[in-house]
Amino acid sequence: MKKLINDPKNVVDESVEGFGLAHADLVTVSPDPLFVVRAGGATQGHVGIVSGGGSGHEPLHAGFVGHGMLTAAVPGPVFTSPTPDPIVAATIASDGGAGVLHIVKNYTGDVLNFETAADLADAEGIRVVSVIVDDDVAVKDSLFTAGRRGVAGTVVVEKCAGAAAERGDDLDAVAAVATKVNSVTRTMGVALAAGIVPHAGEPSFTLSDDEIEIGIGIHGEPGRERIALEPADAIVDRMLGPILDDLPFESGDRVLLFVNGMGGTPLLEHYIVYRHAASVLAERGIEVTRSLVGNYVTSLEMQGISITVTKLDDELTELWDAPVETAALRWGR
Amino acid sequence: MSLGISWVTAWIDDTVEVVSHNRTRLSELDREIGDGDHGENLDRGFSAVKVKFDTLPDDATPGAALKLVATTLISTVGGASGPLLGTAFLKGAQALGDAPEINADGVVALLTAARDGVVLRGKAEPGDKTMIDAWTPAVDAAGEAAAAGASPAGVLRAAAAAASAGAESTEPLVARKGRASYLGERAIGHRDPGAESSALIITAAADAAAATEG
């Protein structure tokens, strides 16, 4: 393992400290309990939005703290949910008197720790509503699994909910926006090579040189199938088919097409994926009206990408276009 | 015969030791069907509990001591097992109330409330390949032993044997909760690490009770 780190135990603390120094105009870091909050804290009278989860997915979530998006982010250990204490502290710091929305990716650890934190925040007199993101079509949503995972679509949920909070919507309205975005967002990922968790020192799974895993989760959990490497266009077809059939997306729909890198795949390849995805959508009569390409929900140095499609209406388009000023997304200000 | 605060402190001491001793084995089980950190996470949690217990007042009730275990686990373990085990200890503590001593029925109430807490939080059912597969047989066996007139230590011994058998019974199961559920049939043949650690904790309670009564 070669990594640009010091003591593996300090990876998250040191990275978050550096993040705070680099973006002091946008955020303030609380070192203990560890969370990242907007510079200046909560906006009085506005709904606060808190998200978080295991580290290793940067820029998610701290990179989305700022005007028009998250109020605070809670980074846990690498690939491990934060405990309730820092979530409670971030929730208190984000409360401007209008309550706080928790945006939680559907992983058992995240859900349980955020639930516990919500109970504790409630005992402090802060009203908390939670929205669970579960956009990953690779997992069959049934009684026989923990349900679909929350993956790259989380960015779209956080952006639109953040815009709703910024325009002054109340807590139930902001939660409704988050729920709506999740309900019209579908994602699927592919891995070409695993990431290495710093304190583990070994790849979290192994793929041979000519193998890829379709439907990978953001911690390298297994997907739908392991197949031989194919040209990019064929891989995109395998991912987009299940995405489009699931909602389903239909001719005449307007969508956001989001090609997300997992950390170890160059932008050169992201756009090769985007090119074919856009042409498949065009063939189906689906109009791509907004796009996002880049590394936004990563999995350490995993090689791979995910494709997310969100069905847009006038309201979601307006919320997506609304000004945002965070370390990882900035426009309109 | 009844159990008091000295049993709780002996139980937690035993648990700290047994979790530390089994840290690598629990993480190995977790690596097979999860993310490989269960032993480390629990060891971190119970080490923190040990430190907290140094400040426990001599006249603390069993309920207060178990509540301290709960809040410490919730704030230090992380992942899914922190909130789940923490809730188990919290509900168990609430079932004991302010009672300074626990009889056989009190042990049953403690285990039942703990199990119900895990079910409430994790929404798992028996057979889902989770820690519930250790807790539920333990609660059932404890109830039967108490009805048959067993001492508190005897009730815990019966619970521990059933919890261990329950952990072993997860091996042929497909997981329906937690990260292992994404594996589908690939989880078959592996013991659930959460069921195993819960069996170790319940066994530590029985060992401590035997030593306290003896």
# chains A, B, ... in the order shown; residues from 1 in each chain; ligands from 1
call {"tool": "interface_residues", "arguments": {"of": "chain B", "to": "chain A", "cutoff": "8 Å", "atoms": "only C-alpha atoms", "output": "list of chain:residue names"}}
result
B:Ile74, B:Ser75, B:Thr76, B:Val77, B:Gly78, B:Gly79, B:Ala80, B:Ser81, B:Gly82, B:Pro83, B:Leu84, B:Arg121, B:Gly122, B:Ala175, B:Arg176, B:Lys177, B:Gly178, B:Arg179, B:Ser181, B:Tyr182, B:Leu183
call {"tool": "write_last_selection", "arguments": {"atoms": "N, CA and C atoms", "output": "compact mmCIF listing (two decimals), in the first residue's frame"}}
result
# COMPACT_ATOMS: atom_id res chain seq x y z
N ILE B 74 -22.79 3.67 22.79
CA ILE B 74 -23.43 4.45 21.73
C ILE B 74 -22.47 5.53 21.22
N SER B 75 -21.68 6.12 22.13
CA SER B 75 -20.84 7.24 21.69
C SER B 75 -19.45 6.80 21.24
N THR B 76 -19.11 5.51 21.33
CA THR B 76 -17.75 5.13 20.93
C THR B 76 -17.66 4.02 19.89
N VAL B 77 -18.69 3.19 19.75
CA VAL B 77 -18.55 2.02 18.87
C VAL B 77 -18.76 2.36 17.40
N GLY B 78 -19.79 3.15 17.09
CA GLY B 78 -20.08 3.48 15.70
C GLY B 78 -20.65 2.30 14.94
N GLY B 79 -20.73 2.45 13.61
CA GLY B 79 -21.31 1.40 12.79
C GLY B 79 -22.73 1.08 13.25
N ALA B 80 -23.18 -0.13 12.95
CA ALA B 80 -24.53 -0.53 13.38
C ALA B 80 -24.50 -1.08 14.79
N SER B 81 -23.40 -1.71 15.19
CA SER B 81 -23.43 -2.40 16.48
C SER B 81 -23.42 -1.44 17.66
N GLY B 82 -22.90 -0.23 17.51
CA GLY B 82 -22.92 0.74 18.61
C GLY B 82 -24.33 1.06 19.06
N PRO B 83 -25.17 1.58 18.15
CA PRO B 83 -26.55 1.88 18.54
C PRO B 83 -27.32 0.63 18.97
N LEU B 84 -27.05 -0.51 18.34
CA LEU B 84 -27.83 -1.71 18.67
C LEU B 84 -27.49 -2.23 20.07
N ARG B 121 -34.80 -1.07 17.47
CA ARG B 121 -33.86 -0.25 16.72
C ARG B 121 -33.52 -0.87 15.36
N GLY B 122 -33.25 -2.17 15.34
CA GLY B 122 -32.75 -2.79 14.11
C GLY B 122 -33.81 -3.43 13.25
N ALA B 175 -28.40 -13.59 5.02
CA ALA B 175 -28.66 -12.40 5.83
C ALA B 175 -29.76 -11.55 5.20
N ARG B 176 -30.64 -11.03 6.06
CA ARG B 176 -31.70 -10.16 5.55
C ARG B 176 -31.62 -8.74 6.12
N LYS B 177 -30.62 -8.48 6.96
CA LYS B 177 -30.42 -7.12 7.47
C LYS B 177 -28.92 -6.82 7.41
N GLY B 178 -28.60 -5.51 7.44
CA GLY B 178 -27.19 -5.11 7.50
C GLY B 178 -26.44 -5.34 6.20
N ARG B 179 -25.13 -5.05 6.27
CA ARG B 179 -24.33 -5.12 5.05
C ARG B 179 -24.26 -6.52 4.46
N SER B 181 -26.50 -8.50 4.00
CA SER B 181 -27.66 -8.82 3.16
C SER B 181 -27.36 -8.59 1.68
N TYR B 182 -26.37 -7.73 1.38
CA TYR B 182 -26.05 -7.48 -0.03
C TYR B 182 -25.37 -8.69 -0.68
N LEU B 183 -24.89 -9.61 0.16
CA LEU B 183 -24.17 -10.78 -0.36
C LEU B 183 -25.09 -11.87 -0.86
call {"tool": "residues_around", "arguments": {"residues": "Pro152 of chain B", "least_positions_apart": "5", "cutoff": "12 Å", "atoms": "only C-alpha atoms", "output": "MDAnalysis selection string"}}
result
chainID B and resid 1:4 7 101:111 142:143 145:147 157:159 205:214
call {"tool": "write_last_selection", "arguments": {"atoms": "C-alpha atoms", "output": "compact mmCIF listing (two decimals), in the first residue's frame"}}
result
# COMPACT_ATOMS: atom_id res chain seq x y z
CA MET B 1 -29.83 -15.54 45.88
CA SER B 2 -29.72 -12.27 44.00
CA LEU B 3 -27.23 -10.25 41.98
CA GLY B 4 -26.09 -6.70 42.75
CA TRP B 7 -22.07 -8.74 39.57
CA GLU B 101 -30.57 -6.40 43.76
CA ILE B 102 -31.81 -8.56 40.86
CA ASN B 103 -33.58 -11.90 41.32
CA ALA B 104 -34.18 -14.57 38.67
CA ASP B 105 -37.26 -12.79 37.30
CA GLY B 106 -35.24 -9.57 37.20
CA VAL B 107 -32.62 -11.27 35.01
CA VAL B 108 -35.36 -12.39 32.63
CA ALA B 109 -36.77 -8.85 32.55
CA LEU B 110 -33.28 -7.44 31.85
CA LEU B 111 -32.61 -9.81 28.96
CA ALA B 142 -33.90 -17.63 30.61
CA GLY B 143 -37.69 -17.54 30.95
CA ALA B 145 -35.09 -21.59 33.62
CA ALA B 146 -36.67 -18.95 35.89
CA ALA B 147 -40.06 -20.70 35.68
CA ARG B 157 -26.19 -20.00 32.43
CA ALA B 158 -29.21 -21.24 30.46
CA ALA B 159 -29.36 -17.96 28.53
CA ALA B 205 -22.76 -12.26 32.38
CA ALA B 206 -23.25 -15.93 33.30
CA ASP B 207 -19.58 -16.43 34.22
CA ALA B 208 -19.63 -13.34 36.42
CA ALA B 209 -22.85 -14.48 38.13
CA ALA B 210 -21.42 -17.94 38.81
CA ALA B 211 -18.33 -16.37 40.38
CA THR B 212 -20.44 -13.90 42.40
CA GLU B 213 -22.82 -16.56 43.71
CA GLY B 214 -20.07 -19.10 44.27
call {"tool": "residues_around", "arguments": {"residues": "Pro100 of chain B", "least_positions_apart": "4", "cutoff": "12 Å", "atoms": "only C-alpha atoms", "output": "list of chain:residue names"}}
result
B:Ser2, B:Leu3, B:Gly4, B:Ile5, B:Ser6, B:Trp7, B:Val8, B:Asp58, B:Asp59, B:Ala60, B:Thr61, B:Pro62, B:Gly63, B:Ala64, B:Ala65, B:Ala93, B:Leu96, B:Gly106
call {"tool": "write_last_selection", "arguments": {"atoms": "C-alpha atoms", "output": "compact mmCIF listing (two decimals), in the first residue's frame"}}
result
# COMPACT_ATOMS: atom_id res chain seq x y z
CA SER B 2 -29.72 -12.27 44.00
CA LEU B 3 -27.23 -10.25 41.98
CA GLY B 4 -26.09 -6.70 42.75
CA ILE B 5 -23.64 -4.09 41.58
CA SER B 6 -20.63 -6.37 42.18
CA TRP B 7 -22.07 -8.74 39.57
CA VAL B 8 -22.45 -5.90 37.04
CA ASP B 58 -19.58 2.53 45.01
CA ASP B 59 -23.28 2.84 45.74
CA ALA B 60 -24.34 2.87 42.06
CA THR B 61 -27.34 0.67 41.23
CA PRO B 62 -27.03 -2.07 38.59
CA GLY B 63 -29.40 -0.03 36.42
CA ALA B 64 -27.23 3.09 36.64
CA ALA B 65 -24.11 1.07 35.82
CA ALA B 93 -31.01 -0.70 32.52
CA LEU B 96 -34.00 -2.77 36.34
CA GLY B 106 -35.24 -9.57 37.20
call {"tool": "closest_residue", "arguments": {"among": "B:Ile33, B:Ile202, B:Ala165, B:Val51", "to": "Arg115 of chain B", "atoms": "only C-alpha atoms"}}
result
B:Ile202
call {"tool": "closest_residue", "arguments": {"among": "B:Pro137, B:Gly45, B:Gly92, B:Gly149", "to": "Ala162 of chain B", "atoms": "only C-alpha atoms"}}
result
B:Pro137
call {"tool": "residues_around", "arguments": {"residues": "Pro172 of chain B", "least_positions_apart": "6", "cutoff": "8 Å", "atoms": "only C-alpha atoms", "output": "PDB file with C-alpha atoms, in the first residue's frame"}}
result
ATOM      1  CA  ILE B 188     -24.219 -18.877   3.730  1.00  0.00           C
ATOM      2  CA  GLY B 189     -21.620 -20.802   5.728  1.00  0.00           C
ATOM      3  CA  HIS B 190     -20.438 -17.774   7.732  1.00  0.00           C
ATOM      4  CA  ARG B 191     -21.356 -17.071  11.349  1.00  0.00           C
TER       5      ARG B 191
END
call {"tool": "atom_distance", "arguments": {"atom1": "atom CA of Val128 of chain A", "atom2": "atom CA of Gly41 of chain A"}}
result
17.3 Å
call {"tool": "atom_distance", "arguments": {"atom1": "atom CA of Arg330 of chain A", "atom2": "atom CA of Leu171 of chain A"}}
result
24.1 Å
call {"tool": "residues_around", "arguments": {"residues": "Asp43 of chain B", "least_positions_apart": "3", "cutoff": "10 Å", "atoms": "only C-alpha atoms", "output": "ChimeraX atom specification"}}
result
/B:15-24,37-40,46-49,76-77
call {"tool": "closest_residue", "arguments": {"among": "A:Ile87, A:Met239, A:Ala93, A:Val280", "to": "Asp119 of chain A", "atoms": "only C-alpha atoms"}}
result
A:Ile87
